[in-house]
>>> print(open('run-v4.txt').read())   # compact mmCIF, C-alpha atoms
# COMPACT_ATOMS: atom_id res chain seq x y z
CA MET A 15 0.00 0.00 0.00
CA LYS A 16 1.19 3.52 -0.81
CA ILE A 17 1.19 6.07 2.03
CA ILE A 18 -0.46 9.06 0.38
CA ARG A 19 -2.38 12.10 1.64
CA GLU A 20 -5.71 10.26 1.67
CA GLU A 21 -4.17 7.50 3.79
CA PHE A 22 -2.81 10.12 6.21
CA ARG A 23 -6.19 11.84 6.54
CA LYS A 24 -7.98 8.54 7.12
CA ARG A 25 -5.79 7.81 10.15
CA PHE A 26 -5.32 11.35 11.50
CA ARG A 27 -7.32 12.61 14.53
CA SER A 28 -7.90 16.30 15.24
CA MET A 29 -7.19 17.64 18.73
CA VAL A 30 -10.35 18.19 20.76
CA LYS A 31 -11.00 21.79 21.79
CA ASN A 32 -10.93 21.18 25.53
CA THR A 33 -7.71 19.13 25.60
CA HIS A 34 -4.75 20.00 27.83
CA LYS A 35 -1.14 18.89 28.19
CA GLY A 36 -2.06 16.27 30.76
CA ILE A 37 -4.09 14.27 28.25
CA GLN A 38 -1.99 14.98 25.16
CA GLY A 39 0.47 12.27 26.14
CA HIS A 40 3.75 12.14 28.05
CA ALA A 41 6.69 10.74 26.09
CA LEU A 42 10.12 9.72 27.32
CA ILE A 43 13.18 10.01 25.06
CA VAL A 44 16.12 7.91 26.30
CA GLY A 45 19.66 8.05 24.96
CA GLY A 46 22.62 10.30 24.36
CA SER A 47 26.23 9.97 25.41
CA TYR A 48 29.25 12.26 25.54
CA GLY A 49 29.41 14.07 22.18
CA LYS A 50 26.02 12.76 21.04
CA ILE A 51 23.51 14.69 23.12
CA GLY A 52 22.36 16.47 19.96
CA SER A 53 20.45 13.35 18.94
CA ILE A 54 18.27 13.71 22.04
CA VAL A 55 17.83 17.43 21.45
CA LEU A 56 16.48 16.68 17.97
CA ALA A 57 14.28 13.74 19.00
CA SER A 58 12.82 15.56 22.00
CA LYS A 59 12.06 18.76 20.12
CA ALA A 60 10.47 16.80 17.27
CA CYS A 61 8.37 14.95 19.83
CA LEU A 62 7.01 18.22 21.20
CA LYS A 63 6.48 19.79 17.78
CA THR A 64 4.40 16.80 16.69
CA GLY A 65 1.86 17.53 19.44
CA CYS A 66 2.88 15.62 22.56
CA GLY A 67 1.72 17.33 25.74
CA LEU A 68 4.78 16.52 27.85
CA VAL A 69 8.25 15.28 26.96
CA THR A 70 10.99 14.10 29.31
CA ALA A 71 14.55 13.32 28.21
CA PHE A 72 16.57 10.69 30.09
CA ILE A 73 20.29 11.27 29.46
CA PRO A 74 23.73 10.99 31.08
CA LYS A 75 24.70 13.94 33.27
CA CYS A 76 26.94 15.48 30.60
CA GLY A 77 23.84 16.49 28.62
CA TYR A 78 21.82 18.18 31.37
CA GLU A 79 22.66 21.80 30.58
CA ILE A 80 22.57 21.19 26.83
CA ILE A 81 18.97 19.93 26.92
CA GLN A 82 17.77 22.55 29.41
CA ILE A 83 19.21 25.40 27.32
CA SER A 84 18.35 23.99 23.90
CA ILE A 85 14.74 23.03 24.63
CA PRO A 86 13.34 24.72 27.77
CA GLU A 87 9.98 23.03 27.21
CA VAL A 88 11.47 19.56 27.79
CA MET A 89 11.93 18.07 31.26
CA VAL A 90 15.20 16.29 32.01
CA GLN A 91 16.09 13.29 34.13
CA THR A 92 19.72 12.21 34.33
CA ASP A 93 21.63 9.02 34.90
CA ASP A 94 24.05 9.05 37.84
CA TYR A 95 26.97 8.63 35.42
CA LEU A 96 28.52 11.51 33.49
CA ASP A 97 29.35 10.19 30.01
CA HIS A 98 26.82 7.48 29.18
CA ILE A 99 23.75 5.70 30.50
CA THR A 100 24.29 3.07 33.18
CA ASN A 101 20.84 2.72 34.78
CA ILE A 102 17.46 3.69 33.32
CA ASN A 103 15.50 4.71 36.41
CA LEU A 104 12.05 5.98 35.45
CA GLU A 105 10.25 8.38 37.78
CA ASN A 106 6.94 8.85 35.94
CA ASN A 107 4.34 6.98 33.93
CA TYR A 108 4.74 7.46 30.19
CA GLN A 109 2.48 6.66 27.25
CA ALA A 110 5.44 6.00 24.94
CA ILE A 111 9.21 5.65 25.13
CA GLY A 112 11.73 6.26 22.34
CA ILE A 113 15.17 4.82 23.12
CA GLY A 114 18.59 4.34 21.55
CA MET A 115 19.47 7.60 19.79
CA GLY A 116 23.13 8.50 20.44
CA MET A 117 23.15 6.04 23.35
CA GLY A 118 26.40 4.26 22.54
CA GLN A 119 27.15 0.59 23.21
CA ASP A 120 29.22 0.62 26.40
CA ALA A 121 28.95 -2.59 28.40
CA ASP A 122 27.10 -0.93 31.27
CA THR A 123 24.77 0.81 28.81
CA GLN A 124 23.93 -2.59 27.37
CA ARG A 125 23.23 -3.94 30.86
CA ALA A 126 21.00 -0.94 31.60
CA PHE A 127 19.13 -1.46 28.33
CA HIS A 128 18.63 -5.16 29.11
CA ASN A 129 17.31 -4.42 32.60
CA PHE A 130 14.98 -1.82 31.16
CA LEU A 131 13.62 -4.26 28.57
CA LYS A 132 12.97 -6.89 31.24
CA SER A 133 10.71 -4.56 33.22
CA ASN A 134 9.18 -2.23 30.61
CA LYS A 135 5.54 -2.62 29.56
CA THR A 136 5.15 0.80 27.89
CA HIS A 137 4.79 1.27 24.12
CA LEU A 138 8.31 1.38 22.72
CA LEU A 139 10.26 2.72 19.74
CA ILE A 140 13.88 1.58 19.37
CA ASP A 141 16.39 3.34 17.12
CA ALA A 142 20.12 3.57 16.41
CA ASP A 143 22.30 2.06 19.15
CA GLY A 144 19.25 0.39 20.67
CA ILE A 145 18.94 -1.60 17.44
CA ASN A 146 22.69 -2.23 17.31
CA ILE A 147 22.62 -3.65 20.84
CA LEU A 148 19.65 -5.86 19.98
CA SER A 149 21.57 -7.13 16.95
CA GLN A 150 24.27 -8.42 19.30
CA ASN A 151 21.69 -9.96 21.66
CA LEU A 152 18.90 -11.31 19.45
CA GLU A 153 17.36 -13.25 22.35
CA TRP A 154 16.37 -9.91 23.87
CA LEU A 155 13.80 -9.48 21.09
CA GLU A 156 11.58 -11.78 23.15
CA LEU A 157 11.42 -9.04 25.80
CA LEU A 158 9.92 -6.38 23.54
CA PRO A 159 6.27 -5.38 24.05
CA LYS A 160 3.90 -6.31 21.24
CA ASN A 161 3.97 -3.76 18.38
CA THR A 162 7.33 -2.30 19.36
CA ILE A 163 8.61 -0.07 16.54
CA LEU A 164 12.15 -0.49 15.16
CA THR A 165 13.55 2.20 12.85
CA PRO A 166 16.75 0.86 11.21
CA HIS A 167 18.64 2.38 8.33
CA PHE A 168 20.22 -0.10 5.92
CA LYS A 169 23.39 -0.83 7.92
CA GLU A 170 21.45 -1.26 11.17
CA LEU A 171 19.02 -3.53 9.35
CA GLU A 172 21.89 -5.62 8.00
CA ARG A 173 23.24 -6.08 11.51
CA LEU A 174 19.78 -7.18 12.62
CA ILE A 175 18.80 -9.64 9.85
CA GLY A 176 22.13 -10.41 8.13
CA LYS A 177 23.20 -9.65 4.56
CA TRP A 178 20.50 -10.15 1.97
CA GLU A 179 20.95 -11.42 -1.56
CA SER A 180 18.20 -9.37 -3.21
CA GLU A 181 15.45 -6.88 -2.44
CA ASP A 182 12.96 -9.74 -2.21
CA ASP A 183 15.24 -11.58 0.21
CA LYS A 184 15.55 -8.46 2.36
CA LEU A 185 11.78 -7.98 2.52
CA TYR A 186 11.25 -11.66 3.29
CA ARG A 187 13.67 -11.48 6.23
CA VAL A 188 12.05 -8.32 7.57
CA HIS A 189 8.58 -9.84 7.27
CA GLN A 190 9.76 -12.93 9.14
CA LEU A 191 11.28 -10.85 11.93
CA SER A 192 8.16 -8.71 12.24
CA HIS A 193 5.88 -11.75 12.34
CA LYS A 194 7.99 -13.72 14.84
CA TYR A 195 8.26 -10.92 17.40
CA ASN A 196 5.14 -8.81 16.61
CA LEU A 197 7.27 -5.84 15.53
CA ILE A 198 6.58 -2.82 13.34
CA ILE A 199 9.75 -2.27 11.33
CA ILE A 200 10.42 0.99 9.52
CA VAL A 201 13.14 0.48 6.93
CA LYS A 202 14.52 3.97 6.33
CA GLY A 203 15.59 4.75 2.78
CA ALA A 204 14.32 5.95 -0.58
CA PRO A 205 11.53 5.12 -0.26
CA THR A 206 11.00 4.45 3.44
CA ILE A 207 8.78 1.44 4.04
CA VAL A 208 6.76 0.29 7.05
CA ILE A 209 6.43 -3.47 7.54
CA TYR A 210 4.03 -5.16 9.93
CA HIS A 211 3.78 -8.95 9.71
CA HIS A 212 3.06 -9.48 5.98
CA GLU A 213 1.76 -5.96 5.35
CA ILE A 214 3.96 -3.38 3.61
CA TYR A 215 3.38 0.36 3.39
CA GLU A 216 5.54 2.43 1.03
CA ASN A 217 5.91 6.11 1.82
CA THR A 218 5.43 8.59 -1.03
CA THR A 219 6.83 11.75 0.58
CA GLY A 220 10.42 12.88 1.00
CA ASN A 221 13.45 13.57 -1.15
CA GLN A 222 17.24 13.64 -1.01
CA ALA A 223 17.23 16.54 1.46
CA LEU A 224 16.55 13.99 4.20
CA ALA A 225 20.02 12.45 3.68
CA THR A 226 21.42 14.50 6.52
CA ALA A 227 22.72 13.87 10.05
CA GLY A 228 19.97 13.68 12.65
CA SER A 229 17.15 12.99 10.21
CA GLY A 230 16.47 9.61 11.82
CA ASP A 231 16.52 11.09 15.33
CA VAL A 232 13.79 13.50 14.29
CA LEU A 233 11.72 10.66 12.81
CA SER A 234 11.99 8.75 16.09
CA GLY A 235 10.75 11.79 18.01
CA ILE A 236 7.82 12.30 15.63
CA ILE A 237 6.63 8.70 15.88
CA THR A 238 7.15 8.46 19.65
CA SER A 239 5.01 11.59 19.99
CA LEU A 240 2.18 10.07 17.98
CA VAL A 241 2.22 6.86 20.02
CA ALA A 242 2.15 8.92 23.24
CA GLN A 243 -0.90 10.72 21.86
CA SER A 244 -2.69 7.34 21.80
CA TYR A 245 -2.36 6.50 18.13
CA ASN A 246 -1.91 2.78 17.71
CA PRO A 247 1.75 2.09 16.84
CA LEU A 248 1.12 1.10 13.22
CA ASP A 249 -0.88 4.27 12.53
CA ALA A 250 1.82 6.29 14.31
CA ALA A 251 4.50 4.77 12.08
CA ILE A 252 2.52 5.47 8.90
CA LEU A 253 1.60 9.02 9.89
CA GLY A 254 5.13 9.70 11.12
CA VAL A 255 7.01 8.69 8.00
CA TYR A 256 4.56 10.66 5.86
CA LEU A 257 4.94 13.85 7.93
CA HIS A 258 8.71 13.44 8.11
CA GLY A 259 9.05 13.13 4.34
CA LEU A 260 6.62 15.95 3.65
CA THR A 261 8.72 18.42 5.64
CA ALA A 262 11.47 17.98 3.05
CA ASP A 263 9.03 18.31 0.15
CA ILE A 264 7.89 21.62 1.64
CA GLY A 265 11.20 23.00 2.90
CA ALA A 266 13.84 21.89 0.42
CA PRO A 267 12.50 23.82 -2.63
CA LYS A 268 12.85 27.03 -0.61
CA MET A 269 16.41 26.41 0.56
CA SER A 270 17.95 23.63 -1.62
CA TYR A 271 18.53 19.98 -0.86
CA GLN A 272 22.08 20.73 0.27
CA ALA A 273 21.21 23.33 2.91
CA PHE A 274 18.31 21.41 4.45
CA ILE A 275 19.28 19.93 7.85
CA ALA A 276 17.52 17.96 10.57
CA SER A 277 16.47 21.10 12.43
CA ASP A 278 14.64 22.18 9.28
CA ILE A 279 12.58 18.99 9.45
CA ILE A 280 11.40 20.05 12.90
CA GLU A 281 10.67 23.60 11.78
CA ASN A 282 8.45 22.30 8.97
CA ILE A 283 6.39 19.79 10.98
CA GLY A 284 3.63 22.38 11.44
CA ASN A 285 3.57 23.12 7.71
CA ALA A 286 3.41 19.39 6.99
CA TYR A 287 0.40 19.03 9.26
CA ILE A 288 -1.35 21.94 7.55
CA GLU A 289 -0.69 20.62 4.05
CA SER A 290 -1.83 17.12 5.02
CA ILE A 291 -5.04 18.09 6.81
CA TYR A 292 -6.52 21.08 4.98
>>> encode(input="run-v4.txt", output="structure tokens")
Amino acid sequence: MKIIREEFRKRFRSMVKNTHKGIQGHALIVGGSYGKIGSIVLASKACLKTGCGLVTAFIPKCGYEIIQISIPEVMVQTDDYLDHITNINLENNYQAIGIGMGMGQDADTQRAFHNFLKSNKTHLLIDADGINILSQNLEWLELLPKNTILTPHFKELERLIGKWESEDDKLYRVHQLSHKYNLIIIVKGAPTIVIYHHEIYENTTGNQALATAGSGDVLSGIITSLVAQSYNPLDAAILGVYLHGLTADIGAPKMSYQAFIASDIIENIGNAYIESIY
């Protein structure tokens, strides 16, 4: 199935007039490490800009001031360790959690991730180093809640399913993984596709402007936001990839493919909503 404007509008829900931040969803964004806090800045801001009522970032201590200064609207909870995550200690109830962006793969980070997976029951999106850690510990896939969303780019996907011989072989392996573990897998690329069991949804928005650092972090924030707002995870994935791509279709013609960066995706989320809905 093609993800087009009519498909977006069929799944989209308008905000009710008497809503407030307490019922617009609370999302948690987990990740970051020394030198890679920017990934959490991008994901958290994208999460807010997509409509989530509350967003908390869980990061190592080295990122505290960066997040507080960069995005004053986001709450921050820190690990006890300075440079990377060693223990994911959650203080609130969340409707969705996005984890893995810029997280690194230190041994104690992997232990913290494993302990988190063993106890977590919240809707989950896993990206970047979260996927890379899972690739090294495939038995942990059994711990994931039903309809967990994975968002690999091609190299992360290869680590997860092994090298494929053809496009058909790749899709077969992804379908098998999705079916076995009840996963929604977003294969980022041109085009980006969403796979759920034996269903495949091909996105129709986006262009080469999205080939820029941080683009995937923004996508993770967008989709985590939608899940926190009570969209079912498959609808959140479909709506998210469409919005994400549309920001580049709107923004790049005004500034060139070359000059478009991940922050420009975030700045165009509102315009993408307007073009999709009205």
>>> residues_around(input="run-v4.txt", residues="A:Lys59", least_positions_apart="6", cutoff="8 Å", atoms="all atoms listed in the file", output="list of chain:residue names")
A:Ile85, A:Val88, A:Gly235, A:Ile280
>>> closest_residue(input="run-v4.txt", among="A:Ala227, A:Tyr210, A:Leu148, A:Lys202", to="A:Lys50", atoms="all atoms listed in the file")
A:Ala227
>>> closest_residue(input="run-v4.txt", among="A:Leu197, A:Ile113, A:Leu104, A:Leu224", to="A:Gly259", atoms="only C-alpha atoms")
A:Leu224
>>> residues_around(input="run-v4.txt", residues="A:Val208", least_positions_apart="3", cutoff="8 Å", atoms="all atoms listed in the file", output="ChimeraX atom specification")
/A:198-201,214-217,251-252
>>> closest_residue(input="run-v4.txt", among="A:Met89, A:Ala273, A:Val188, A:Leu158", to="A:Glu172", atoms="all atoms listed in the file")
A:Val188
>>> closest_atom_pairs(input="run-v4.txt", of="stretch 45-146 of chain A", to="stretch 173-187 of chain A", cutoff="12 Å", atoms="only C-alpha atoms", output="JSON lines")
{"residue": "A:Asp141", "atom": "CA", "partner": "A:Leu174", "partner_atom": "CA", "distance": 11.9}
{"residue": "A:Ala142", "atom": "CA", "partner": "A:Arg173", "partner_atom": "CA", "distance": 11.3}
{"residue": "A:Asp143", "atom": "CA", "partner": "A:Arg173", "partner_atom": "CA", "distance": 11.2}
{"residue": "A:Gly144", "atom": "CA", "partner": "A:Leu174", "partner_atom": "CA", "distance": 11.1}
{"residue": "A:Ile145", "atom": "CA", "partner": "A:Leu174", "partner_atom": "CA", "distance": 7.4}
{"residue": "A:Asn146", "atom": "CA", "partner": "A:Arg173", "partner_atom": "CA", "distance": 7.0}
>>> write_last_selection(input="run-v4.txt", atoms="C-alpha atoms", output="compact mmCIF listing (two decimals), in the coordinates of the input")
# COMPACT_ATOMS: atom_id res chain seq x y z
CA ASP A 141 16.39 3.34 17.12
CA ALA A 142 20.12 3.57 16.41
CA ASP A 143 22.30 2.06 19.15
CA GLY A 144 19.25 0.39 20.67
CA ILE A 145 18.94 -1.60 17.44
CA ASN A 146 22.69 -2.23 17.31
>>> residues_around(input="run-v4.txt", residues="A:Ala286", least_positions_apart="3", cutoff="6 Å", atoms="all atoms listed in the file", output="list in words")
Leu257, Leu260, Thr261, Ile283 and Glu289 of chain A
>>> atom_distance(input="run-v4.txt", atom1="atom CA of A:Thr238", atom2="atom CA of A:His137")
8.8 Å
>>> atom_distance(input="run-v4.txt", atom1="atom CA of A:Ala276", atom2="atom CA of A:Ile236")
12.3 Å
>>> atom_distance(input="run-v4.txt", atom1="atom CA of A:His40", atom2="atom CA of A:Val69")
5.6 Å
>>> axis_aligned_box(input="run-v4.txt", around="stretch 157-167 of chain A", padding_each_side="5 Å", output="lines of an AutoDock Vina configuration file")
center_x = 11.3
center_y = -3.3
center_z = 17.1
size_x = 24.7
size_y = 21.4
size_z = 27.5
